[in-house]
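Chemist: Dropping a structure here in structure tokens format, bear with me for questions.
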Amino acid sequence: MIKPEIFNNWEQVQSWDLEALLEKARRLSWEIHGKEIKCFIPGRMFYMGERGQYPAISLTGNSCALNCDHCRRKILEGMISAPEPHVLKEVCQRLDKEGSLGILLSGGSDDQGALPWNKFLEAIEWIKQHTSLKISIHTGLVDHETARGFKNVGVDEVLIDVVGSEETMRQVYHFPGGLKAMVSSLDALAATQLPLIPHIVVGLHYGKIEGEMHALEMVAKHSISALVIVVLQPMRQTPMENVQPPTPETVARFISAARLRIPQVPFALSCARPLGSHRVETDKLALEAGINRIAMPSEEALEKAREMGLDIEFHKTCCSKSY
Amino acid sequence: MRFRDAEIPEDLSYTKNHLWVNMKDRLYTLGWTDYIQINAGDVNHIDLPAKGTLLNAEEEFGSIETSKWVDRLYSPFKGRVDEVNKKVLDNPELINNAPFGEGWFIAVEPSGEIQSEGLITPEEYYEYLKVCEKTE
């Protein structure tokens with residue numbers, strides 16, 4: 001068995017020879033998870049003629065009080081709007097009839113990073129009873145009572161973006177003091193024993209590595225079902241529009257460090273990542289780091305996966321899939 | 001003509017891969033329709049062929065990526081690429097901002113007989129979008 005490794009800080013990760021780091025992470029990943037790559041077409045995304053069957057639904061329409069610098073509500077624009085429980089039920093009934101496999105419930109948040117879950121718990125329970133949809137929820141910040149509510153109404157899995165820097169919470173999320181709430185939310189979600197799939201956004205702090213290693217430590221304390229690696233994708237008409245995203249090498253180093261810290265869970269490279277040549281390079285390096293799942297993989301990555309002798313399978317769901 | 005928020009200019013031809021084709025001049029110009037750019041979101045990347053490339057009907061000539069759409073582009077007819085819009089390679093947002101204007105992809109000199117089944121009229125494209133919406 002390859003010995004895992006704990007990096008205390010990002011400088012240590014950077015000091016490693018890239019090839020050696022990737023190889024160690026890859027060998028450990030293959031030893032535990034096998035030589036396979038699962039590919040995902042999430043949401044209703046369109047990939048080479050195929051369409052995802054796992055739509056994202058916003059419970060707040062296009063509104064969000066945090067209005068974070070990396071998003072400015074742009075992500076909400078691509079979701080189905082269901083700001084009232086009866087609308088959510090109607091939408092889900094229709095999606096179920098049309099053959100969707102599940103839904104991702106998400107939305108904007110209030111100024112404390114919370115979504116209006118209490119308003120929707122009864123509707124979620126109804127959907128679980130009246131449809132065959134799987135329900136993944138992007139929780140935002142939650143307290144213990146709300147987290148228990150997820151369990152009680154039959155949510156299938158809980159997803160949360162984990163930020164490890166107070167400064168990032170303040171500057172990017174406009175939520176000073178938010179780190180404490182982040183830690184408490186993770187504790188609350190873990191206590192439910194629902195499949196927990198944290199997401200870490202590499203480069204969230206205006207393209208720089210800031211709290212990612214701390215986020216990794218926050219996540220490593222809990223029993224998680226998968227870890228999703230998101231890469232900052234500077235979006236138009238946001239304050240980060242002209243920010244340089246982290247390089248593919250930086251992303252691959254982070255994946256490797258995470259693998260060596262948390263060997264037992266599958267890692268997914270999220271659909272949210274820079275496109276074009278960045279995507280091609282990131283995907284290939286992620287494979288070298290032994291990534292287990294990729295959403296919307298580049299064709300070059302699929303070719304490399306075949307060359308590496310990996311078994312490839314596709315799913316039309318979120319890459320967080322834990323069931 | 002409009003389909004919901006999407007404009008469908010009546011002087012263009014269309015394909016079921018959501019390309020518009022302007023066949024008014026010697027060179028046929030191609031681009032992405034308003035409907036597809038609205039639904040696919042911000043275009044972040046596009047690959048187009050070099051000038052002089054020979055295209056065959058229904059063969060791939062490039063690829064396009066948005067945050068929720070990754071696909072190849074297929075030529076509806078045979079021909080030679082006469083002009084490539086280099087502006088969209090550097091500024092793919094033009095495809096969203098002006099799909100029928102500055103966001104065009106390539107101009108092709110067609111060769112041989114154009115197979116009519118690959119191209120549809122604005123009215124047929126409108127009807128096709130209704131089918132697309134139903135199956136989604």
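Naming works like this for the structure tokens: A, B, ... for the chains as they're shown, residue 1 at the start of each chain, ligands 1 onward in shown order.
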I'd like the neighbourhood of Gly276 (chain A) as a PDB file with all heavy atoms, in the first residue's frame, where a residue qualifies if any of its atoms comes within 10 Å (using only C-alpha atoms), though same-chain residues fewer than 4 positions away should be ignored.
Modeler:
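Once everything was written out, this is around.pdb:
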ATOM      1  N   VAL A 280      -8.682  20.965 -21.666  1.00  0.00           N
ATOM      2  CA  VAL A 280      -7.944  19.820 -22.216  1.00  0.00           C
ATOM      3  C   VAL A 280      -6.760  19.482 -21.306  1.00  0.00           C
ATOM      4  O   VAL A 280      -6.556  18.327 -20.904  1.00  0.00           O
ATOM      5  CB  VAL A 280      -7.431  20.148 -23.643  1.00  0.00           C
ATOM      6  CG1 VAL A 280      -6.489  19.071 -24.147  1.00  0.00           C
ATOM      7  CG2 VAL A 280      -8.621  20.325 -24.598  1.00  0.00           C
ATOM      8  N   GLU A 281      -5.991  20.500 -20.962  1.00  0.00           N
ATOM      9  CA  GLU A 281      -4.779  20.285 -20.161  1.00  0.00           C
ATOM     10  C   GLU A 281      -5.130  19.842 -18.737  1.00  0.00           C
ATOM     11  O   GLU A 281      -4.516  18.927 -18.194  1.00  0.00           O
ATOM     12  CB  GLU A 281      -3.960  21.586 -20.149  1.00  0.00           C
ATOM     13  CG  GLU A 281      -2.509  21.433 -19.778  1.00  0.00           C
ATOM     14  CD  GLU A 281      -1.777  20.389 -20.610  1.00  0.00           C
ATOM     15  OE1 GLU A 281      -2.077  20.206 -21.806  1.00  0.00           O
ATOM     16  OE2 GLU A 281      -0.902  19.712 -20.029  1.00  0.00           O
ATOM     17  N   SER A 298     -12.981  16.429 -21.880  1.00  0.00           N
ATOM     18  CA  SER A 298     -12.539  16.787 -23.229  1.00  0.00           C
ATOM     19  C   SER A 298     -12.283  15.501 -24.017  1.00  0.00           C
ATOM     20  O   SER A 298     -12.007  14.445 -23.431  1.00  0.00           O
ATOM     21  CB  SER A 298     -11.269  17.627 -23.158  1.00  0.00           C
ATOM     22  OG  SER A 298     -10.239  16.891 -22.538  1.00  0.00           O
TER      23      SER A 298
ATOM     24  N   ASN B  44     -17.573  30.043 -24.506  1.00  0.00           N
ATOM     25  CA  ASN B  44     -16.240  30.299 -23.974  1.00  0.00           C
ATOM     26  C   ASN B  44     -15.129  29.911 -24.928  1.00  0.00           C
ATOM     27  O   ASN B  44     -13.992  30.363 -24.776  1.00  0.00           O
ATOM     28  CB  ASN B  44     -16.028  29.508 -22.679  1.00  0.00           C
ATOM     29  CG  ASN B  44     -16.933  29.985 -21.580  1.00  0.00           C
ATOM     30  OD1 ASN B  44     -18.117  29.680 -21.606  1.00  0.00           O
ATOM     31  ND2 ASN B  44     -16.416  30.764 -20.649  1.00  0.00           N
ATOM     32  N   HIS B  45     -15.465  29.047 -25.865  1.00  0.00           N
ATOM     33  CA  HIS B  45     -14.398  28.557 -26.734  1.00  0.00           C
ATOM     34  C   HIS B  45     -14.990  28.035 -28.033  1.00  0.00           C
ATOM     35  O   HIS B  45     -16.048  27.404 -28.033  1.00  0.00           O
ATOM     36  CB  HIS B  45     -13.638  27.430 -26.030  1.00  0.00           C
ATOM     37  CG  HIS B  45     -12.480  26.915 -26.818  1.00  0.00           C
ATOM     38  ND1 HIS B  45     -11.261  27.554 -26.842  1.00  0.00           N
ATOM     39  CD2 HIS B  45     -12.357  25.849 -27.625  1.00  0.00           C
ATOM     40  CE1 HIS B  45     -10.448  26.886 -27.639  1.00  0.00           C
ATOM     41  NE2 HIS B  45     -11.085  25.848 -28.124  1.00  0.00           N
ATOM     42  N   ILE B  46     -14.295  28.329 -29.140  1.00  0.00           N
ATOM     43  CA  ILE B  46     -14.715  27.748 -30.416  1.00  0.00           C
ATOM     44  C   ILE B  46     -13.479  27.398 -31.237  1.00  0.00           C
ATOM     45  O   ILE B  46     -12.482  28.137 -31.229  1.00  0.00           O
ATOM     46  CB  ILE B  46     -15.668  28.710 -31.187  1.00  0.00           C
ATOM     47  CG1 ILE B  46     -16.127  28.067 -32.507  1.00  0.00           C
ATOM     48  CG2 ILE B  46     -15.030  30.069 -31.455  1.00  0.00           C
ATOM     49  CD1 ILE B  46     -17.331  28.733 -33.128  1.00  0.00           C
ATOM     50  N   ASP B  47     -13.536  26.258 -31.874  1.00  0.00           N
ATOM     51  CA  ASP B  47     -12.485  25.851 -32.821  1.00  0.00           C
ATOM     52  C   ASP B  47     -13.080  25.885 -34.217  1.00  0.00           C
ATOM     53  O   ASP B  47     -14.159  25.326 -34.444  1.00  0.00           O
ATOM     54  CB  ASP B  47     -12.018  24.414 -32.531  1.00  0.00           C
ATOM     55  CG  ASP B  47     -10.997  24.376 -31.415  1.00  0.00           C
ATOM     56  OD1 ASP B  47     -10.185  25.316 -31.319  1.00  0.00           O
ATOM     57  OD2 ASP B  47     -11.035  23.411 -30.634  1.00  0.00           O
ATOM     58  N   SER B  63     -15.555  22.813 -33.254  1.00  0.00           N
ATOM     59  CA  SER B  63     -16.242  22.473 -32.011  1.00  0.00           C
ATOM     60  C   SER B  63     -16.538  23.748 -31.239  1.00  0.00           C
ATOM     61  O   SER B  63     -15.903  24.787 -31.472  1.00  0.00           O
ATOM     62  CB  SER B  63     -15.399  21.523 -31.163  1.00  0.00           C
ATOM     63  OG  SER B  63     -14.220  22.162 -30.759  1.00  0.00           O
ATOM     64  N   ILE B  64     -17.479  23.646 -30.323  1.00  0.00           N
ATOM     65  CA  ILE B  64     -17.899  24.828 -29.572  1.00  0.00           C
ATOM     66  C   ILE B  64     -18.176  24.426 -28.120  1.00  0.00           C
ATOM     67  O   ILE B  64     -18.652  23.322 -27.858  1.00  0.00           O
ATOM     68  CB  ILE B  64     -19.136  25.469 -30.251  1.00  0.00           C
ATOM     69  CG1 ILE B  64     -19.429  26.851 -29.669  1.00  0.00           C
ATOM     70  CG2 ILE B  64     -20.355  24.581 -30.185  1.00  0.00           C
ATOM     71  CD1 ILE B  64     -20.274  27.735 -30.595  1.00  0.00           C
ATOM     72  N   GLU B  65     -17.815  25.313 -27.197  1.00  0.00           N
ATOM     73  CA  GLU B  65     -17.990  25.005 -25.782  1.00  0.00           C
ATOM     74  C   GLU B  65     -18.610  26.182 -25.046  1.00  0.00           C
ATOM     75  O   GLU B  65     -18.137  27.312 -25.161  1.00  0.00           O
ATOM     76  CB  GLU B  65     -16.635  24.709 -25.115  1.00  0.00           C
ATOM     77  CG  GLU B  65     -15.938  23.491 -25.646  1.00  0.00           C
ATOM     78  CD  GLU B  65     -14.576  23.267 -24.984  1.00  0.00           C
ATOM     79  OE1 GLU B  65     -14.357  23.774 -23.873  1.00  0.00           O
ATOM     80  OE2 GLU B  65     -13.751  22.605 -25.600  1.00  0.00           O
ATOM     81  N   THR B  66     -19.657  25.894 -24.306  1.00  0.00           N
ATOM     82  CA  THR B  66     -20.155  26.850 -23.322  1.00  0.00           C
ATOM     83  C   THR B  66     -20.101  26.106 -21.995  1.00  0.00           C
ATOM     84  O   THR B  66     -19.742  24.925 -21.956  1.00  0.00           O
ATOM     85  CB  THR B  66     -21.615  27.277 -23.603  1.00  0.00           C
ATOM     86  OG1 THR B  66     -22.486  26.252 -23.138  1.00  0.00           O
ATOM     87  CG2 THR B  66     -21.855  27.533 -25.080  1.00  0.00           C
TER      88      THR B  66
END
Chemist: Only residues of chain A matter here; which ones have an atom within 9 Å of chain B, counting only C-alpha atoms? Give them as a PyMOL selection string.
Modeler: chain A and resi 42-49+51+78+98+235-236+271-277+296+298
Chemist: Take the selection from the previous step and output its residues with N, CA, C and O atoms, as a PDB file, in the first residue's frame.
Modeler:
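The result, written out as selection.pdb:
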ATOM      1  N   PRO A  42     -23.878  16.359 -16.484  1.00  0.00           N
ATOM      2  CA  PRO A  42     -24.784  16.803 -15.424  1.00  0.00           C
ATOM      3  C   PRO A  42     -25.858  17.763 -15.919  1.00  0.00           C
ATOM      4  O   PRO A  42     -25.858  18.172 -17.087  1.00  0.00           O
ATOM      5  N   GLY A  43     -26.716  18.142 -15.002  1.00  0.00           N
ATOM      6  CA  GLY A  43     -27.748  19.126 -15.320  1.00  0.00           C
ATOM      7  C   GLY A  43     -28.543  18.685 -16.536  1.00  0.00           C
ATOM      8  O   GLY A  43     -28.936  17.525 -16.672  1.00  0.00           O
ATOM      9  N   ARG A  44     -28.762  19.661 -17.418  1.00  0.00           N
ATOM     10  CA  ARG A  44     -29.344  19.344 -18.727  1.00  0.00           C
ATOM     11  C   ARG A  44     -28.309  19.678 -19.779  1.00  0.00           C
ATOM     12  O   ARG A  44     -28.637  20.096 -20.887  1.00  0.00           O
ATOM     13  N   MET A  45     -27.055  19.520 -19.384  1.00  0.00           N
ATOM     14  CA  MET A  45     -25.967  19.885 -20.294  1.00  0.00           C
ATOM     15  C   MET A  45     -25.976  18.985 -21.525  1.00  0.00           C
ATOM     16  O   MET A  45     -26.425  17.846 -21.474  1.00  0.00           O
ATOM     17  N   PHE A  46     -25.444  19.515 -22.583  1.00  0.00           N
ATOM     18  CA  PHE A  46     -25.428  18.827 -23.870  1.00  0.00           C
ATOM     19  C   PHE A  46     -23.984  18.443 -24.172  1.00  0.00           C
ATOM     20  O   PHE A  46     -23.091  19.284 -24.144  1.00  0.00           O
ATOM     21  N   TYR A  47     -23.758  17.171 -24.396  1.00  0.00           N
ATOM     22  CA  TYR A  47     -22.388  16.704 -24.613  1.00  0.00           C
ATOM     23  C   TYR A  47     -22.367  15.734 -25.791  1.00  0.00           C
ATOM     24  O   TYR A  47     -22.899  14.631 -25.701  1.00  0.00           O
ATOM     25  N   MET A  48     -21.805  16.164 -26.864  1.00  0.00           N
ATOM     26  CA  MET A  48     -21.659  15.321 -28.055  1.00  0.00           C
ATOM     27  C   MET A  48     -22.959  14.600 -28.427  1.00  0.00           C
ATOM     28  O   MET A  48     -22.981  13.394 -28.655  1.00  0.00           O
ATOM     29  N   GLY A  49     -24.030  15.365 -28.450  1.00  0.00           N
ATOM     30  CA  GLY A  49     -25.310  14.796 -28.874  1.00  0.00           C
ATOM     31  C   GLY A  49     -26.118  14.155 -27.768  1.00  0.00           C
ATOM     32  O   GLY A  49     -27.250  13.743 -27.988  1.00  0.00           O
ATOM     33  N   ARG A  51     -27.719  14.370 -23.727  1.00  0.00           N
ATOM     34  CA  ARG A  51     -28.182  15.402 -22.816  1.00  0.00           C
ATOM     35  C   ARG A  51     -28.250  14.850 -21.391  1.00  0.00           C
ATOM     36  O   ARG A  51     -28.721  13.736 -21.175  1.00  0.00           O
ATOM     37  N   GLY A  78     -28.979  29.791 -15.346  1.00  0.00           N
ATOM     38  CA  GLY A  78     -29.098  28.555 -16.122  1.00  0.00           C
ATOM     39  C   GLY A  78     -29.963  27.496 -15.459  1.00  0.00           C
ATOM     40  O   GLY A  78     -30.089  26.383 -15.964  1.00  0.00           O
ATOM     41  N   GLU A  98     -40.892  13.204 -17.890  1.00  0.00           N
ATOM     42  CA  GLU A  98     -40.038  13.346 -19.075  1.00  0.00           C
ATOM     43  C   GLU A  98     -38.768  12.490 -19.002  1.00  0.00           C
ATOM     44  O   GLU A  98     -37.956  12.525 -19.916  1.00  0.00           O
ATOM     45  N   MET A 235     -16.274  34.363 -14.964  1.00  0.00           N
ATOM     46  CA  MET A 235     -17.478  34.559 -15.778  1.00  0.00           C
ATOM     47  C   MET A 235     -17.632  36.003 -16.214  1.00  0.00           C
ATOM     48  O   MET A 235     -17.289  36.917 -15.459  1.00  0.00           O
ATOM     49  N   ARG A 236     -18.180  36.165 -17.389  1.00  0.00           N
ATOM     50  CA  ARG A 236     -18.429  37.512 -17.907  1.00  0.00           C
ATOM     51  C   ARG A 236     -19.365  38.287 -16.996  1.00  0.00           C
ATOM     52  O   ARG A 236     -20.235  37.688 -16.367  1.00  0.00           O
ATOM     53  N   CYS A 271     -18.034  19.946 -13.560  1.00  0.00           N
ATOM     54  CA  CYS A 271     -18.320  20.574 -14.850  1.00  0.00           C
ATOM     55  C   CYS A 271     -17.933  22.056 -14.835  1.00  0.00           C
ATOM     56  O   CYS A 271     -17.727  22.661 -15.885  1.00  0.00           O
ATOM     57  N   ALA A 272     -17.864  22.648 -13.645  1.00  0.00           N
ATOM     58  CA  ALA A 272     -17.498  24.066 -13.546  1.00  0.00           C
ATOM     59  C   ALA A 272     -15.976  24.190 -13.553  1.00  0.00           C
ATOM     60  O   ALA A 272     -15.304  24.012 -12.533  1.00  0.00           O
ATOM     61  N   ARG A 273     -15.451  24.446 -14.723  1.00  0.00           N
ATOM     62  CA  ARG A 273     -14.014  24.652 -14.856  1.00  0.00           C
ATOM     63  C   ARG A 273     -13.774  25.384 -16.174  1.00  0.00           C
ATOM     64  O   ARG A 273     -14.634  25.359 -17.068  1.00  0.00           O
ATOM     65  N   PRO A 274     -12.626  26.052 -16.313  1.00  0.00           N
ATOM     66  CA  PRO A 274     -12.378  26.781 -17.562  1.00  0.00           C
ATOM     67  C   PRO A 274     -12.414  25.845 -18.763  1.00  0.00           C
ATOM     68  O   PRO A 274     -12.076  24.655 -18.646  1.00  0.00           O
ATOM     69  N   LEU A 275     -12.816  26.395 -19.875  1.00  0.00           N
ATOM     70  CA  LEU A 275     -12.999  25.575 -21.077  1.00  0.00           C
ATOM     71  C   LEU A 275     -11.808  25.714 -22.028  1.00  0.00           C
ATOM     72  O   LEU A 275     -10.773  26.244 -21.676  1.00  0.00           O
ATOM     73  N   GLY A 276     -12.001  25.207 -23.241  1.00  0.00           N
ATOM     74  CA  GLY A 276     -10.967  25.324 -24.267  1.00  0.00           C
ATOM     75  C   GLY A 276      -9.705  24.547 -23.908  1.00  0.00           C
ATOM     76  O   GLY A 276      -9.774  23.451 -23.350  1.00  0.00           O
ATOM     77  N   SER A 277      -8.556  25.120 -24.235  1.00  0.00           N
ATOM     78  CA  SER A 277      -7.287  24.402 -24.030  1.00  0.00           C
ATOM     79  C   SER A 277      -7.023  24.177 -22.543  1.00  0.00           C
ATOM     80  O   SER A 277      -6.373  23.198 -22.164  1.00  0.00           O
ATOM     81  N   MET A 296     -18.222  16.247 -18.224  1.00  0.00           N
ATOM     82  CA  MET A 296     -17.991  16.836 -19.541  1.00  0.00           C
ATOM     83  C   MET A 296     -16.498  16.760 -19.940  1.00  0.00           C
ATOM     84  O   MET A 296     -15.840  17.786 -20.159  1.00  0.00           O
ATOM     85  N   SER A 298     -12.981  16.429 -21.880  1.00  0.00           N
ATOM     86  CA  SER A 298     -12.539  16.787 -23.229  1.00  0.00           C
ATOM     87  C   SER A 298     -12.283  15.501 -24.017  1.00  0.00           C
ATOM     88  O   SER A 298     -12.007  14.445 -23.431  1.00  0.00           O
TER      89      SER A 298
END
Chemist: List as a PyMOL selection string the protein and nucleic acid residues near Asn22 (chain B), meaning an atom at most 8 Å away when only C-alpha atoms are counted, but skip any in the same chain fewer than 6 places from it.
Modeler: chain B and resi 11-13+28-30
Chemist: Write out, as a CSV table (one decimal), in the first residue's frame, the residues just selected, with N, CA, C and O atoms.
Modeler:
chain,number,residue,atom,x,y,z
B,11,ASP,N,-34.7,35.4,-43.9
B,11,ASP,CA,-33.9,35.4,-45.2
B,11,ASP,C,-32.7,34.4,-45.1
B,11,ASP,O,-31.8,34.4,-45.9
B,12,LEU,N,-32.7,33.6,-44.1
B,12,LEU,CA,-31.6,32.6,-43.9
B,12,LEU,C,-32.2,31.2,-44.0
B,12,LEU,O,-33.3,30.9,-43.8
B,13,SER,N,-31.2,30.2,-44.2
B,13,SER,CA,-31.6,28.8,-44.1
B,13,SER,C,-31.0,28.3,-42.8
B,13,SER,O,-30.1,28.9,-42.2
B,28,TYR,N,-21.2,31.0,-48.9
B,28,TYR,CA,-22.3,30.7,-47.9
B,28,TYR,C,-21.7,30.9,-46.5
B,28,TYR,O,-20.7,30.3,-46.2
B,29,THR,N,-22.3,31.8,-45.8
B,29,THR,CA,-21.8,32.1,-44.4
B,29,THR,C,-22.6,31.2,-43.4
B,29,THR,O,-23.8,31.1,-43.5
B,30,LEU,N,-21.9,30.8,-42.3
B,30,LEU,CA,-22.5,29.9,-41.3
B,30,LEU,C,-22.3,30.5,-39.9
B,30,LEU,O,-21.3,31.2,-39.7
Chemist: Which neighbours of Ile37 (chain A) fall inside 8 Å, counting only C-alpha atoms, when residues of the same chain fewer than 2 positions from it are skipped, and could you give them as a list in words?
Modeler: Lys35, Cys39, Ile291, Asn292, Arg293, Ile294, Ala305, Leu310, Asp311, Ile312 and Glu313 of chain A
Chemist: Please provide the set of residues having any atom within 6 Å of Ala57 (chain B), restricted to only C-alpha atoms, with same-chain residues fewer than 2 positions apart removed, written as a list in words.
Modeler: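 Contacts, in chain order: Glu59, Ser75, Pro76, Phe77 and Lys78 of chain B.
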Chemist: Write out as a list in words the residues lying within 8 Å of Ser320 (chain A), counting only C-alpha atoms and excluding same-chain residues fewer than 6 positions away.
Modeler: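 Non-adjacent residues within range: Leu159, Ile197, Ala226, Leu227, Val228 and Ala268 of chain A.
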Chemist: Residues within 12 Å of Ile262 (chain A), please, as a PyMOL selection string. Count only C-alpha atoms; anything in the same chain fewer than 2 positions from it doesn't count.
Modeler: chain A and resi 3-7+25+28-29+32+216-227+254-260+264-267
Chemist: From the options B:Gly62, B:Gly101, B:Pro92, B:Pro49, which residue's atoms come nearest to Asp34 (chain B), counting only C-alpha atoms?
Modeler: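 Among B:Gly62, B:Gly101, B:Pro92, B:Pro49, it is B:Gly101 that comes nearest to Asp34 (chain B).
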Chemist: According to DSSP computed on the backbone, where in chain B is there strand (DSSP E)? Give the residues as a PyMOL selection string.
Modeler: chain B and resi 2-3+6-7+13-14+19-22+28-32+43-47+54-55+60-66+69-74+79-84+106-110
Chemist: Using only C-alpha atoms, pick whichever of B:Leu129, B:Val88, B:Glu109, B:Leu119 has the shortest atom-to-atom distance to Asp25 (chain B).
Modeler: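 That would be B:Glu109, the residue with the smallest distance to Asp25 (chain B).
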Chemist: Would you work out the distance separating CA of Gln53 (chain A) from CA of Ile41 (chain A), expressed in Å to one decimal?
Modeler: 7.8 Å
Chemist: What parts of region 72-136 of chain B does DSSP call helix (DSSP H, G or I)? I'd like the answer as a PyMOL selection string.
Modeler: chain B and resi 86-90+93-97+116-118+122-135
